[in-house]
Amino acid sequence: MRDITSCLSEYAVEVVSDKSCINIINSPDSTPPSILNSVTCYYKTLVSTQKQIPMITITWAKNTPSSDQSLTINFGDEEQEKGTTTFKLNTNPRLFKKLKGTKSIQLYSTRTTKIDISWDLSSARYQTGPEPVSGYYILITIDSEPGLVLGALTRRQPISKPGTKFSLVSRREDFSGGTAHYTTKTRFGDSGRAHDVSIRCCGEEEERGGVVKKNVGNWVLSVCIDKKMVVNVKRLKWNFRGNQTIFLDGLLLDLMWDLHAWFSRNGNGNGNAGVFMFRTRRSTGSDSSLWRLEEDDKTTSYKGQDCGGVDFSLMIYASL
């Protein structure tokens, strides 16, 4: 009997198409990408003592009008104020004294777990978003045991005990701006390479009287990975929700979109944000449960389970 991956891959879109996004991205009337306001990463951590460790949530945010930048680290369910432990830091480059330091806190949920946070953002380098791309490090130790290491340590990295693991299970990016053009770079698997992802919504091109114009009444959704077209959805007002399976790096990747808020303007708990989600396919389960599973993964504590092979999801919230 053939396994599920080989069967489903026959109906998936492989990222080897000759269709290219280059013409779309480089067209004269192309609008610039939207503004990336915040990046939130969710990590599951397993320490050698098998102690129950809540989800670690790290958020990089930037307020464009005021140029304020911040780093927030939550331990626990960030949507529930009680039961969480929060550390917040202003990462504005002008505040040099706060860009390097250490902080010790007690985990609220246990009262017996000591957490030490060390950071150095003094040489951090940024591109267009609030998350640094190099020249920084963040080290989180749990009861003196390294639990999460981000960036590159300038000194010798502490040695983790056997059994200590951490894994990025979800990444959320929040964009704003009326251009409806979103770009990011991400890795969908531990062994895969980083991929350039581009999402663009614009009017469909129509030829009238020998002149090609964009019909803003008929929106088209174009999704590209490494400049290869993987999704092209026309009449987006009627197809504001949908999904497509992509075969990438030997993985089945589900792409789902929900743009109802863009066209209804009624809000859905995320203002007028449209939502795009890329998620590596589980070996079992169905497409209909993927949205629910995403929320379950972000709020579930991690205890006595192997971090290897954890599914990953990328969520993009886009406000017009």
# chains A, B, ... in the order shown; residues from 1 in each chain; ligands from 1
$ residues_around --residues "range 104-106 of chain A" --least-positions-apart "3" --cutoff "6 Å" --atoms "only C-alpha atoms" --output "ChimeraX atom specification"
/A:111,113-116
$ residues_around --residues "Pro132 in chain A" --least-positions-apart "4" --cutoff "9 Å" --atoms "only C-alpha atoms" --output "VMD selection string"
chain A and resid 60 121 124 to 127 136 151
$ atom_distance --atom1 "CA of Ala61 in chain A" --atom2 "CA of Glu131 in chain A"
7.6 Å
$ closest_residue --among "A:Asn218, A:Thr128, A:Ser122, A:Thr45" --to "Lys100 in chain A" --atoms "only C-alpha atoms"
A:Ser122
$ atom_distance --atom1 "CA of Phe87 in chain A" --atom2 "CA of Val47 in chain A"
20.5 Å
$ residues_around --residues "Val231 in chain A" --least-positions-apart "4" --cutoff "10 Å" --atoms "only C-alpha atoms" --output "PDB file with all heavy atoms, in the first residue's frame"
ATOM      1  N   VAL A  13       0.535  20.823  -6.066  1.00  0.00           N
ATOM      2  CA  VAL A  13       1.255  21.669  -7.007  1.00  0.00           C
ATOM      3  C   VAL A  13       2.722  21.652  -6.635  1.00  0.00           C
ATOM      4  O   VAL A  13       3.101  22.058  -5.543  1.00  0.00           O
ATOM      5  CB  VAL A  13       0.723  23.116  -6.973  1.00  0.00           C
ATOM      6  CG1 VAL A  13       1.545  24.005  -7.877  1.00  0.00           C
ATOM      7  CG2 VAL A  13      -0.740  23.146  -7.377  1.00  0.00           C
ATOM      8  N   ILE A 199       3.158  37.171  -1.608  1.00  0.00           N
ATOM      9  CA  ILE A 199       1.703  37.120  -1.765  1.00  0.00           C
ATOM     10  C   ILE A 199       1.255  38.486  -2.279  1.00  0.00           C
ATOM     11  O   ILE A 199       1.600  39.516  -1.714  1.00  0.00           O
ATOM     12  CB  ILE A 199       1.009  36.809  -0.434  1.00  0.00           C
ATOM     13  CG1 ILE A 199       1.482  35.462   0.112  1.00  0.00           C
ATOM     14  CG2 ILE A 199      -0.510  36.823  -0.598  1.00  0.00           C
ATOM     15  CD1 ILE A 199       0.959  35.159   1.500  1.00  0.00           C
ATOM     16  N   LEU A 221      -5.540  36.711  -6.679  1.00  0.00           N
ATOM     17  CA  LEU A 221      -4.558  36.344  -5.666  1.00  0.00           C
ATOM     18  C   LEU A 221      -3.433  35.561  -6.324  1.00  0.00           C
ATOM     19  O   LEU A 221      -3.678  34.546  -6.988  1.00  0.00           O
ATOM     20  CB  LEU A 221      -5.210  35.492  -4.571  1.00  0.00           C
ATOM     21  CG  LEU A 221      -4.262  34.781  -3.593  1.00  0.00           C
ATOM     22  CD1 LEU A 221      -3.466  35.787  -2.773  1.00  0.00           C
ATOM     23  CD2 LEU A 221      -5.039  33.834  -2.681  1.00  0.00           C
ATOM     24  N   SER A 222      -2.195  36.026  -6.150  1.00  0.00           N
ATOM     25  CA  SER A 222      -1.017  35.337  -6.686  1.00  0.00           C
ATOM     26  C   SER A 222      -0.057  35.027  -5.547  1.00  0.00           C
ATOM     27  O   SER A 222       0.304  35.920  -4.780  1.00  0.00           O
ATOM     28  CB  SER A 222      -0.305  36.202  -7.732  1.00  0.00           C
ATOM     29  OG  SER A 222      -1.170  36.516  -8.805  1.00  0.00           O
ATOM     30  N   VAL A 223       0.322  33.769  -5.419  1.00  0.00           N
ATOM     31  CA  VAL A 223       1.278  33.350  -4.391  1.00  0.00           C
ATOM     32  C   VAL A 223       2.473  32.721  -5.081  1.00  0.00           C
ATOM     33  O   VAL A 223       2.314  31.837  -5.932  1.00  0.00           O
ATOM     34  CB  VAL A 223       0.645  32.345  -3.410  1.00  0.00           C
ATOM     35  CG1 VAL A 223       1.666  31.921  -2.357  1.00  0.00           C
ATOM     36  CG2 VAL A 223      -0.590  32.944  -2.739  1.00  0.00           C
ATOM     37  N   CYS A 224       3.654  33.200  -4.728  1.00  0.00           N
ATOM     38  CA  CYS A 224       4.885  32.702  -5.343  1.00  0.00           C
ATOM     39  C   CYS A 224       5.852  32.239  -4.266  1.00  0.00           C
ATOM     40  O   CYS A 224       5.932  32.838  -3.192  1.00  0.00           O
ATOM     41  CB  CYS A 224       5.553  33.785  -6.183  1.00  0.00           C
ATOM     42  SG  CYS A 224       4.537  34.399  -7.534  1.00  0.00           S
ATOM     43  N   ILE A 225       6.574  31.184  -4.547  1.00  0.00           N
ATOM     44  CA  ILE A 225       7.654  30.703  -3.699  1.00  0.00           C
ATOM     45  C   ILE A 225       8.907  30.637  -4.554  1.00  0.00           C
ATOM     46  O   ILE A 225       8.933  29.951  -5.581  1.00  0.00           O
ATOM     47  CB  ILE A 225       7.334  29.329  -3.089  1.00  0.00           C
ATOM     48  CG1 ILE A 225       6.098  29.422  -2.181  1.00  0.00           C
ATOM     49  CG2 ILE A 225       8.529  28.789  -2.304  1.00  0.00           C
ATOM     50  CD1 ILE A 225       5.709  28.111  -1.533  1.00  0.00           C
ATOM     51  N   ASN A 243      -8.154  26.777  -0.259  1.00  0.00           N
ATOM     52  CA  ASN A 243      -6.918  26.111   0.123  1.00  0.00           C
ATOM     53  C   ASN A 243      -6.302  25.432  -1.091  1.00  0.00           C
ATOM     54  O   ASN A 243      -6.979  25.120  -2.070  1.00  0.00           O
ATOM     55  CB  ASN A 243      -7.167  25.089   1.236  1.00  0.00           C
ATOM     56  CG  ASN A 243      -8.056  23.960   0.796  1.00  0.00           C
ATOM     57  OD1 ASN A 243      -9.272  24.116   0.695  1.00  0.00           O
ATOM     58  ND2 ASN A 243      -7.445  22.806   0.517  1.00  0.00           N
ATOM     59  N   GLN A 244      -5.010  25.243  -1.025  1.00  0.00           N
ATOM     60  CA  GLN A 244      -4.261  24.592  -2.089  1.00  0.00           C
ATOM     61  C   GLN A 244      -3.126  23.814  -1.456  1.00  0.00           C
ATOM     62  O   GLN A 244      -2.499  24.273  -0.495  1.00  0.00           O
ATOM     63  CB  GLN A 244      -3.698  25.627  -3.069  1.00  0.00           C
ATOM     64  CG  GLN A 244      -2.813  25.053  -4.164  1.00  0.00           C
ATOM     65  CD  GLN A 244      -3.606  24.212  -5.154  1.00  0.00           C
ATOM     66  OE1 GLN A 244      -4.469  24.734  -5.850  1.00  0.00           O
ATOM     67  NE2 GLN A 244      -3.313  22.927  -5.206  1.00  0.00           N
ATOM     68  N   THR A 245      -2.841  22.638  -1.966  1.00  0.00           N
ATOM     69  CA  THR A 245      -1.741  21.825  -1.457  1.00  0.00           C
ATOM     70  C   THR A 245      -0.525  21.988  -2.355  1.00  0.00           C
ATOM     71  O   THR A 245      -0.630  21.926  -3.580  1.00  0.00           O
ATOM     72  CB  THR A 245      -2.136  20.339  -1.389  1.00  0.00           C
ATOM     73  OG1 THR A 245      -3.279  20.203  -0.541  1.00  0.00           O
ATOM     74  CG2 THR A 245      -1.004  19.502  -0.820  1.00  0.00           C
ATOM     75  N   ILE A 246       0.621  22.198  -1.745  1.00  0.00           N
ATOM     76  CA  ILE A 246       1.880  22.410  -2.456  1.00  0.00           C
ATOM     77  C   ILE A 246       2.866  21.335  -2.013  1.00  0.00           C
ATOM     78  O   ILE A 246       2.892  20.948  -0.838  1.00  0.00           O
ATOM     79  CB  ILE A 246       2.443  23.807  -2.146  1.00  0.00           C
ATOM     80  CG1 ILE A 246       1.431  24.903  -2.495  1.00  0.00           C
ATOM     81  CG2 ILE A 246       3.747  24.050  -2.901  1.00  0.00           C
ATOM     82  CD1 ILE A 246       1.789  26.246  -1.922  1.00  0.00           C
ATOM     83  N   LEU A 255      -1.666  25.484   1.904  1.00  0.00           N
ATOM     84  CA  LEU A 255      -1.838  26.932   1.895  1.00  0.00           C
ATOM     85  C   LEU A 255      -3.327  27.223   1.979  1.00  0.00           C
ATOM     86  O   LEU A 255      -4.107  26.733   1.157  1.00  0.00           O
ATOM     87  CB  LEU A 255      -1.262  27.547   0.611  1.00  0.00           C
ATOM     88  CG  LEU A 255      -1.708  28.988   0.298  1.00  0.00           C
ATOM     89  CD1 LEU A 255      -1.294  29.937   1.417  1.00  0.00           C
ATOM     90  CD2 LEU A 255      -1.143  29.442  -1.037  1.00  0.00           C
TER      91      LEU A 255
END
$ residues_around --residues "Gly189 in chain A" --least-positions-apart "2" --cutoff "10 Å" --atoms "only C-alpha atoms" --output "number ranges by chain"
A: 168, 186-187, 191-194, 248-251, 280, 309-313
$ write_last_selection --atoms "C-alpha atoms" --output "short mmCIF file (atom, residue, chain, number, x, y, z; two decimals), in the first residue's frame"
data_model
loop_
_atom_site.label_atom_id
_atom_site.label_comp_id
_atom_site.auth_asym_id
_atom_site.auth_seq_id
_atom_site.Cartn_x
_atom_site.Cartn_y
_atom_site.Cartn_z
CA LEU A 168 9.74 26.61 16.31
CA THR A 186 10.92 31.24 5.91
CA ARG A 187 12.03 27.63 6.30
CA SER A 191 16.24 20.16 7.02
CA GLY A 192 14.88 22.41 4.28
CA ARG A 193 16.33 25.65 2.98
CA ALA A 194 14.88 29.11 3.44
CA LEU A 248 7.91 21.49 -1.42
CA ASP A 249 11.20 20.11 -0.02
CA GLY A 250 9.65 16.65 0.09
CA LEU A 251 6.82 17.95 2.29
CA THR A 280 3.19 21.38 6.83
CA GLY A 309 9.18 16.33 13.67
CA VAL A 310 6.89 19.02 15.04
CA ASP A 311 4.70 20.53 12.33
CA PHE A 312 5.35 24.14 11.41
CA SER A 313 2.95 26.85 10.32
#
$ closest_residue --among "A:Lys228, A:Lys165, A:His195, A:Arg171" --to "Thr57 in chain A" --atoms "only C-alpha atoms"
A:Arg171
$ residues_around --residues "Arg281 in chain A" --least-positions-apart "4" --cutoff "7 Å" --atoms "only C-alpha atoms" --output "number ranges by chain"
A: 252-254
$ write_last_selection --atoms "N, CA, C and O atoms" --output "PDB file, in the first residue's frame"
ATOM      1  N   LEU A 252       4.410  17.903   2.131  1.00  0.00           N
ATOM      2  CA  LEU A 252       3.124  18.418   1.695  1.00  0.00           C
ATOM      3  C   LEU A 252       2.821  19.667   2.515  1.00  0.00           C
ATOM      4  O   LEU A 252       2.852  19.633   3.747  1.00  0.00           O
ATOM      5  N   LEU A 253       2.566  20.749   1.828  1.00  0.00           N
ATOM      6  CA  LEU A 253       2.357  22.043   2.462  1.00  0.00           C
ATOM      7  C   LEU A 253       0.975  22.553   2.089  1.00  0.00           C
ATOM      8  O   LEU A 253       0.650  22.694   0.906  1.00  0.00           O
ATOM      9  N   ASP A 254       0.143  22.801   3.097  1.00  0.00           N
ATOM     10  CA  ASP A 254      -1.193  23.335   2.858  1.00  0.00           C
ATOM     11  C   ASP A 254      -1.151  24.849   2.921  1.00  0.00           C
ATOM     12  O   ASP A 254      -0.657  25.426   3.902  1.00  0.00           O
TER      13      ASP A 254
END
$ residues_around --residues "Asn37 in chain A" --least-positions-apart "5" --cutoff "8 Å" --atoms "only C-alpha atoms" --output "list in words"
Ala61, Lys62, Asn63, Thr64, Gly129, Pro130, Glu173, Asp174, Phe175 and Ser176 of chain A
